[in-house]
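K.L.:
What follows is start_5.txt, made up of compact mmCIF, C-alpha atoms:
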# COMPACT_ATOMS: atom_id res chain seq x y z
CA MET N 298 114.45 68.10 74.23
CA ALA N 299 113.83 70.02 77.43
CA MET N 300 116.19 67.64 79.26
CA SER N 301 119.00 68.20 76.75
CA LYS N 302 118.63 71.95 77.08
CA GLY N 303 118.84 71.66 80.87
CA ILE N 304 122.05 69.62 80.57
CA GLU N 305 123.52 72.08 78.09
CA ASN N 306 122.77 75.05 80.36
CA PRO N 307 124.59 74.41 83.65
CA GLU N 308 123.29 77.65 85.19
CA LEU N 309 119.66 76.56 84.79
CA ARG N 310 120.54 73.06 85.89
CA PHE N 311 121.99 74.32 89.16
CA SER N 312 119.18 76.82 89.78
CA ALA N 313 116.59 74.07 89.35
CA ALA N 314 118.51 71.81 91.74
CA LEU N 315 118.77 74.64 94.29
CA VAL N 316 115.03 75.28 94.25
CA ARG N 317 114.29 71.56 94.42
CA ALA N 318 116.62 71.10 97.40
CA ALA N 319 115.24 74.16 99.21
CA ASN N 320 111.72 72.72 98.96
CA LEU N 321 112.65 69.39 100.57
CA PRO N 322 111.13 68.82 104.04
CA GLY N 323 113.39 70.00 106.84
CA VAL N 324 115.81 71.97 104.68
CA ARG N 325 114.67 75.44 105.68
CA ILE N 326 116.00 76.44 109.10
CA ASN N 327 113.91 78.53 111.48
CA ARG N 328 116.35 81.27 112.46
CA GLU N 329 114.86 82.03 115.87
CA SER N 330 114.59 78.40 116.95
CA TYR N 331 118.08 77.59 115.73
CA LEU N 332 119.79 80.54 117.44
CA ARG N 333 117.97 79.79 120.68
CA GLN N 334 119.04 76.15 120.55
CA ALA N 335 122.63 76.80 119.39
CA LEU N 336 123.35 79.59 121.89
CA GLY N 337 121.20 78.41 124.79
CA ARG N 338 123.96 76.69 126.77
CA HIS N 339 126.51 79.48 126.38
CA CYS N 340 124.64 82.80 126.50
CA SER N 341 122.30 84.70 128.77
CA GLU N 342 118.62 85.04 127.90
CA GLU N 343 119.18 88.74 127.15
CA GLN N 344 122.00 87.94 124.72
CA ILE N 345 119.87 85.33 122.96
CA ARG N 346 116.92 87.70 122.73
CA ARG N 347 119.07 90.43 121.20
CA ALA N 348 120.78 87.98 118.85
CA ILE N 349 117.36 86.97 117.53
CA GLU N 350 115.93 90.49 117.32
CA GLU N 351 119.13 91.95 115.86
CA THR N 352 122.25 89.81 115.30
CA PRO N 353 124.68 87.75 117.39
CA ALA N 354 127.29 90.44 116.70
CA ALA N 355 125.03 93.19 118.06
CA ALA N 356 124.39 91.00 121.12
CA GLY N 357 128.12 90.98 121.81
CA ILE N 358 128.42 87.19 121.72
CA LEU N 359 132.06 86.12 121.75
CA SER N 360 133.56 84.68 118.57
CA GLU N 361 134.66 81.60 120.54
CA VAL N 362 131.04 80.83 121.40
CA LEU N 363 129.91 81.31 117.79
CA ASP N 364 132.75 79.15 116.47
CA LYS N 365 131.88 76.33 118.87
CA ALA N 366 128.22 76.47 117.87
CA ALA N 367 129.27 76.48 114.20
CA ASN N 368 131.54 73.46 114.65
CA ASP N 369 128.80 71.55 116.46
CA SER N 370 126.37 72.27 113.62
CA ILE N 371 128.92 71.24 111.00
CA SER N 372 129.55 67.93 112.79
CA TYR N 373 125.83 67.24 113.07
CA GLU N 374 125.04 68.02 109.43
CA THR N 375 128.08 66.11 108.14
CA THR N 376 127.11 62.97 110.06
CA LYS N 377 123.53 63.21 108.89
CA ALA N 378 124.43 63.85 105.23
CA SER N 379 126.93 60.96 105.18
CA ALA N 380 124.45 58.54 106.77
CA LEU N 381 121.72 59.40 104.26
CA SER N 382 124.16 59.11 101.37
CA ALA N 383 125.29 55.70 102.59
CA ALA N 384 121.69 54.53 102.91
CA ALA N 385 121.01 55.64 99.34
CA GLY N 386 123.95 53.50 98.16
CA ILE N 387 122.62 50.19 99.53
CA PRO N 388 120.12 49.23 96.73
CA GLY N 389 122.79 49.09 94.00
CA LEU N 390 122.71 49.29 90.21
CA LEU N 391 119.07 48.33 89.70
CA PHE N 392 117.78 51.38 91.59
CA LEU N 393 120.30 53.96 90.33
CA PRO N 394 117.73 55.99 88.33
CA ALA N 395 115.84 56.66 91.57
CA THR N 396 118.58 56.77 94.21
CA VAL N 397 121.12 59.07 92.52
CA PRO N 398 118.81 62.06 91.87
CA ALA N 399 117.40 61.72 95.37
CA ASP N 400 120.89 61.54 96.88
CA VAL N 401 122.05 64.62 94.96
CA ALA N 402 118.98 66.54 96.12
CA GLN N 403 119.57 65.46 99.74
CA TYR N 404 123.23 66.42 99.45
CA PHE N 405 122.38 69.92 98.26
CA GLY N 406 119.66 70.10 100.90
CA HIS N 407 122.25 69.54 103.63
CA MET N 408 124.49 72.14 102.03
CA LEU N 409 121.63 74.61 102.28
CA ARG N 410 120.98 73.61 105.90
CA ILE N 411 124.55 74.26 107.04
CA ALA N 412 124.74 77.43 104.94
CA GLN N 413 121.69 78.83 106.77
CA LYS N 414 122.98 77.83 110.20
CA LEU N 415 126.39 79.39 109.63
CA ALA N 416 124.82 82.52 108.16
CA TYR N 417 122.57 83.02 111.19
CA LEU N 418 125.43 82.51 113.64
CA TYR N 419 127.59 85.02 111.79
CA SER N 420 124.92 87.74 111.69
CA TRP N 421 123.17 87.32 108.35
CA PRO N 422 119.40 87.99 108.27
CA ASP N 423 116.61 85.44 107.94
CA LEU N 424 116.83 83.96 104.45
CA PHE N 425 113.33 82.46 104.42
CA SER N 426 111.37 85.00 106.42
CA GLY N 427 108.65 85.55 103.84
CA GLU N 428 105.29 83.76 103.99
CA ASN N 429 105.58 82.72 100.35
CA ASP N 430 106.91 79.18 99.85
CA ASP N 431 108.79 80.28 96.74
CA ILE N 432 112.43 81.37 97.10
CA ASP N 433 112.85 85.01 96.15
CA ASP N 434 115.66 85.88 93.75
CA ALA N 435 117.81 87.60 96.38
CA THR N 436 117.76 84.53 98.63
CA LYS N 437 118.46 82.29 95.66
CA GLY N 438 121.37 84.54 94.73
CA VAL N 439 123.00 84.59 98.18
CA LEU N 440 122.57 80.82 98.62
CA THR N 441 124.23 80.32 95.24
CA LEU N 442 127.15 82.43 96.44
CA PHE N 443 127.37 80.53 99.73
CA ILE N 444 127.58 77.22 97.88
CA GLY N 445 130.13 78.81 95.55
CA VAL N 446 132.26 79.62 98.61
CA MET N 447 131.91 76.00 99.74
CA PHE N 448 133.23 74.89 96.35
CA GLY N 449 136.20 77.27 96.66
CA THR N 450 135.13 79.77 94.00
CA GLN N 451 137.07 83.02 94.46
CA SER N 452 134.48 85.14 92.69
CA ALA N 453 131.86 83.85 95.16
CA ASN N 454 134.15 84.76 98.08
CA ALA N 455 134.49 88.31 96.77
CA ALA N 456 130.76 88.66 96.09
CA VAL N 457 129.76 87.44 99.56
CA GLY N 458 132.20 89.95 101.02
CA LYS N 459 130.60 92.75 98.99
CA VAL N 460 127.08 91.79 100.06
CA ALA N 461 128.18 91.62 103.70
CA GLY N 462 129.83 95.03 103.35
CA MET N 463 126.63 96.57 101.99
CA MET N 464 124.61 95.18 104.88
CA SER N 465 127.20 96.18 107.48
CA LYS N 466 127.25 99.80 106.33
CA GLN N 467 123.48 100.09 106.30
CA VAL N 468 122.95 98.01 109.47
CA ALA N 469 120.38 96.20 107.30
CA LYS N 470 118.11 93.36 108.42
CA LYS N 471 117.36 92.24 104.87
CA LEU N 472 119.42 91.15 101.90
CA PRO N 473 120.28 93.89 99.36
CA GLN N 474 117.66 92.88 96.81
CA LYS N 475 118.73 95.13 93.97
CA ALA N 476 122.42 94.26 94.13
CA LEU N 477 121.68 90.54 94.08
CA THR N 478 119.05 90.60 91.35
CA GLN N 479 119.99 93.50 89.06
CA GLY N 480 123.13 95.26 90.27
CA VAL N 481 126.84 94.56 90.51
CA ILE N 482 126.50 91.19 92.28
CA TYR N 483 124.00 89.66 89.84
CA PRO N 484 126.46 88.83 87.01
CA ILE N 485 128.70 87.08 89.56
CA VAL N 486 125.73 85.03 90.81
CA LYS N 487 125.03 83.86 87.24
CA LYS N 488 128.68 83.00 86.67
CA VAL N 489 128.91 81.04 89.93
CA ALA N 490 125.64 79.20 89.17
CA ALA N 491 127.01 78.10 85.79
CA TYR N 492 130.21 76.82 87.42
CA LEU N 493 128.23 74.94 90.07
CA GLY N 494 126.05 73.38 87.40
CA VAL N 495 129.15 71.83 85.84
CA GLN N 496 130.40 70.63 89.24
CA MET N 497 127.01 69.15 90.00
CA THR N 498 127.17 67.07 86.81
CA LYS N 499 130.57 65.72 87.88
CA GLN N 500 129.28 64.87 91.37
CA THR N 501 126.25 63.09 89.92
CA PHE N 502 128.55 60.93 87.81
CA ALA N 503 130.80 60.16 90.81
CA LYS N 504 127.82 59.17 92.95
CA THR N 505 126.43 56.99 90.14
CA VAL N 506 129.70 55.05 89.97
CA SER N 507 129.96 54.75 93.76
CA LYS N 508 126.45 53.24 94.01
CA ALA N 509 126.83 50.66 91.27
CA ILE N 510 127.69 47.82 93.69
CA PRO N 511 125.22 47.18 96.54
CA VAL N 512 126.48 47.55 100.14
CA VAL N 513 130.00 48.38 98.95
CA GLY N 514 128.43 51.34 97.21
CA ALA N 515 126.96 52.46 100.51
CA VAL N 516 130.39 52.62 102.15
CA VAL N 517 131.96 54.42 99.19
CA SER N 518 129.06 56.85 98.79
CA GLY N 519 128.96 57.72 102.48
CA GLY N 520 132.72 58.16 102.55
CA LEU N 521 132.63 60.35 99.45
CA THR N 522 130.02 62.60 101.05
CA LEU N 523 132.05 62.84 104.26
CA ALA N 524 135.24 63.68 102.37
CA THR N 525 133.62 66.48 100.40
CA TYR N 526 130.94 67.92 102.71
CA LEU N 527 133.08 68.49 105.80
CA PRO N 528 135.85 70.63 104.22
CA MET N 529 133.27 72.57 102.21
CA ALA N 530 131.29 73.44 105.32
CA LYS N 531 134.48 74.48 107.12
CA ARG N 532 135.44 76.65 104.17
CA LEU N 533 132.15 78.55 104.38
CA LYS N 534 132.48 78.91 108.15
CA LYS N 535 135.98 80.37 107.83
CA HIS N 536 134.85 82.89 105.23
CA LEU N 537 131.67 84.05 107.01
CA SER N 538 133.37 84.32 110.41
CA GLY N 539 135.98 86.70 109.01
CA LEU N 540 133.59 89.25 107.48
CA ASP N 541 132.95 92.71 108.94
CA LEU N 542 129.32 91.71 109.44
CA THR N 543 130.40 89.68 112.48
CA LYS N 544 131.89 92.74 114.16
CA PRO N 545 129.53 95.25 115.88
CA THR N 546 131.45 98.27 114.58
CA HIS N 547 128.53 100.64 115.19
CA LEU N 548 128.90 100.02 118.92
CA VAL N 549 132.57 101.03 118.78
CA VAL N 550 131.72 104.23 116.94
CA ASP N 551 129.09 105.17 119.52
CA ALA N 552 131.57 104.61 122.35
CA GLU N 553 134.16 106.81 120.65
CA VAL N 554 131.63 109.62 120.20
CA VAL N 555 130.66 109.51 123.86
CA GLU N 556 134.30 109.56 124.91
CA VAL N 557 135.07 112.61 122.77
CA VAL N 558 132.11 114.49 124.20
CA GLU N 559 133.24 113.76 127.74
CA VAL N 560 136.82 114.83 127.09
CA HIS N 561 135.94 118.14 125.45
CA GLU N 562 133.07 119.16 127.72
CA PRO N 563 134.25 122.26 129.71
CA PRO N 564 133.78 122.29 133.50
CA ALA N 565 130.97 124.37 134.96
CA PRO N 566 131.97 127.90 136.10
CA GLY N 567 133.35 128.04 139.61
CA ARG N 568 133.79 124.24 139.87
CA ALA N 569 137.24 123.83 138.31
CA GLN N 570 138.90 123.10 141.65
CA GLU N 571 136.18 120.60 142.57
CA HIS N 572 136.70 118.75 139.28
CA ASP N 573 140.43 118.64 139.90
CA ALA N 574 139.81 117.16 143.31
CA ASP N 575 137.37 114.58 141.92
CA ASP N 576 139.83 113.61 139.20
CA SER N 577 142.54 113.03 141.78
CA VAL N 578 140.51 110.52 143.79
CA PRO N 579 140.78 107.48 141.44
CA SER N 580 144.55 107.90 141.11
CA ALA N 581 145.12 107.83 144.89
Please re-express this file's structure in structure tokens.

P.N.:
Amino acid sequence: MAMSKGIENPELRFSAALVRAANLPGVRINRESYLRQALGRHCSEEQIRRAIEETPAAAGILSEVLDKAANDSISYETTKASALSAAAGIPGLLFLPATVPADVAQYFGHMLRIAQKLAYLYSWPDLFSGENDDIDDATKGVLTLFIGVMFGTQSANAAVGKVAGMMSKQVAKKLPQKALTQGVIYPIVKKVAAYLGVQMTKQTFAKTVSKAIPVVGAVVSGGLTLATYLPMAKRLKKHLSGLDLTKPTHLVVDAEVVEVVEVHEPPAPGRAQEHDADDSVPSA
């Protein structure tokens, strides 16, 4: 009875799968370790330190560097996800009840891994910074939206943009808890979760069919994962890299304020000629 209710409610089905995947070993990414490893070959120690303490955007790291690190991470996670999916397809029909659920959980686990890596590169805060092993509702909500973006859901795109806008305006280091759990974003999270629950059912069926024949199933399953995972990861990367959160706008504002002060500051009495002379030196 409980199983039938879970199948009938795609939102709950997806939420349960998300929590299960997030609790798999190795799925949660340590933000500090990852940024240090991903940026180590391209950035100074000072840039890396500031990227960890604040954000890569605040550290002034070039978009080209972030994009390269993102592409490297996508390639790594795609290869790993495809290999594991292929391995799960080897046993064949006899072991389907065990291999398919495990493969789906691993697949979503790798989606969560690349979502975290891309988020940290493009200046999102630590999603698993709490000491509690449970996923808080705000983190669950934003991860749902990230996966929604990967699946091409327009409402998820818009919601992620709104969350990023809130954080950018407040220069926040935490997710906007209220918006994601009670406010304007929450109904979109529920809608996206329901959509993803339906898609997850379709993927489970496709993986079941692909694994029915031993060995051949491994090739088909691994290829299916490669064909779906790679474009989905690239879709999330494209969306996150284009948000205002990746641009250190507060630094631009500060520079403009300083410039205005310098331009309008009157010269000290009796030193007008000296200022004129000083101003003429650079132009000579």

K.L.:
So how far away is atom CA of Asp431 of chain N from atom CA of Val495 of chain N, in Å?

P.N.:
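Interatomic distance here is 24.6 Å.
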
K.L.:
To one decimal place in Å, what is the distance between atom CA of Leu363 of chain N and atom CA of Asp423 of chain N?

P.N.:
17.1 Å

K.L.:
Which one is closest to Asp369 of chain N: N:Leu472, N:Ile482, N:Leu336, N:Leu540? Count only C-alpha atoms.

P.N.:
N:Leu336

K.L.:
Could you tell me how far atom CA of Pro473 of chain N lies from atom CA of Met447 of chain N, in Å and to one decimal?

P.N.:
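Atom CA of Met447 of chain N lies 21.3 Å from atom CA of Pro473 of chain N.
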
K.L.:
Nearest to Pro422 of chain N: which of N:Gly458, N:Gly438, N:Gly480, N:Pro353 is it, counting all atoms listed in the file?

P.N.:
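The closest residue to Pro422 of chain N is N:Pro353.
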
K.L.:
Which residue is closest to Thr441 of chain N? Choose from N:Met408, N:Ala378, N:Leu418, N:Leu359 and count all atoms listed in the file.

P.N.:
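Using all atoms listed in the file, Thr441 of chain N sits closest to N:Met408.
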
K.L.:
So that I can check the surroundings of Leu321 of chain N, please list as a list in words every protein, DNA and RNA residue that reaches within 12 Å of it, counting all atoms listed in the file and ignoring chain neighbours fewer than 3 positions away.

P.N.:
Ala314, Leu315, Val316, Arg317, Ala318, Val324, Arg325, Ile326, Ala399, Asp400, Val401, Ala402, Gln403, Tyr404, Phe405, Gly406, His407, Leu409, Arg410 and Asp430 of chain N

K.L.:
For each of N:Ala356, N:Ala491, N:Leu537, N:Leu477, take the minimum atom-to-atom distance to Lys414 of chain N, counting all atoms listed in the file, then give the residue where this is smallest.

P.N.:
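Going through N:Ala356, N:Ala491, N:Leu537, N:Leu477 one by one, the smallest distance to Lys414 of chain N is for N:Leu537.
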
K.L.:
N:Met464, N:Val486, N:Ala455, N:Met529: which is nearest Glu374 of chain N, counting only C-alpha atoms?

P.N.:
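Among N:Met464, N:Val486, N:Ala455, N:Met529, it is N:Met529 that comes nearest to Glu374 of chain N.
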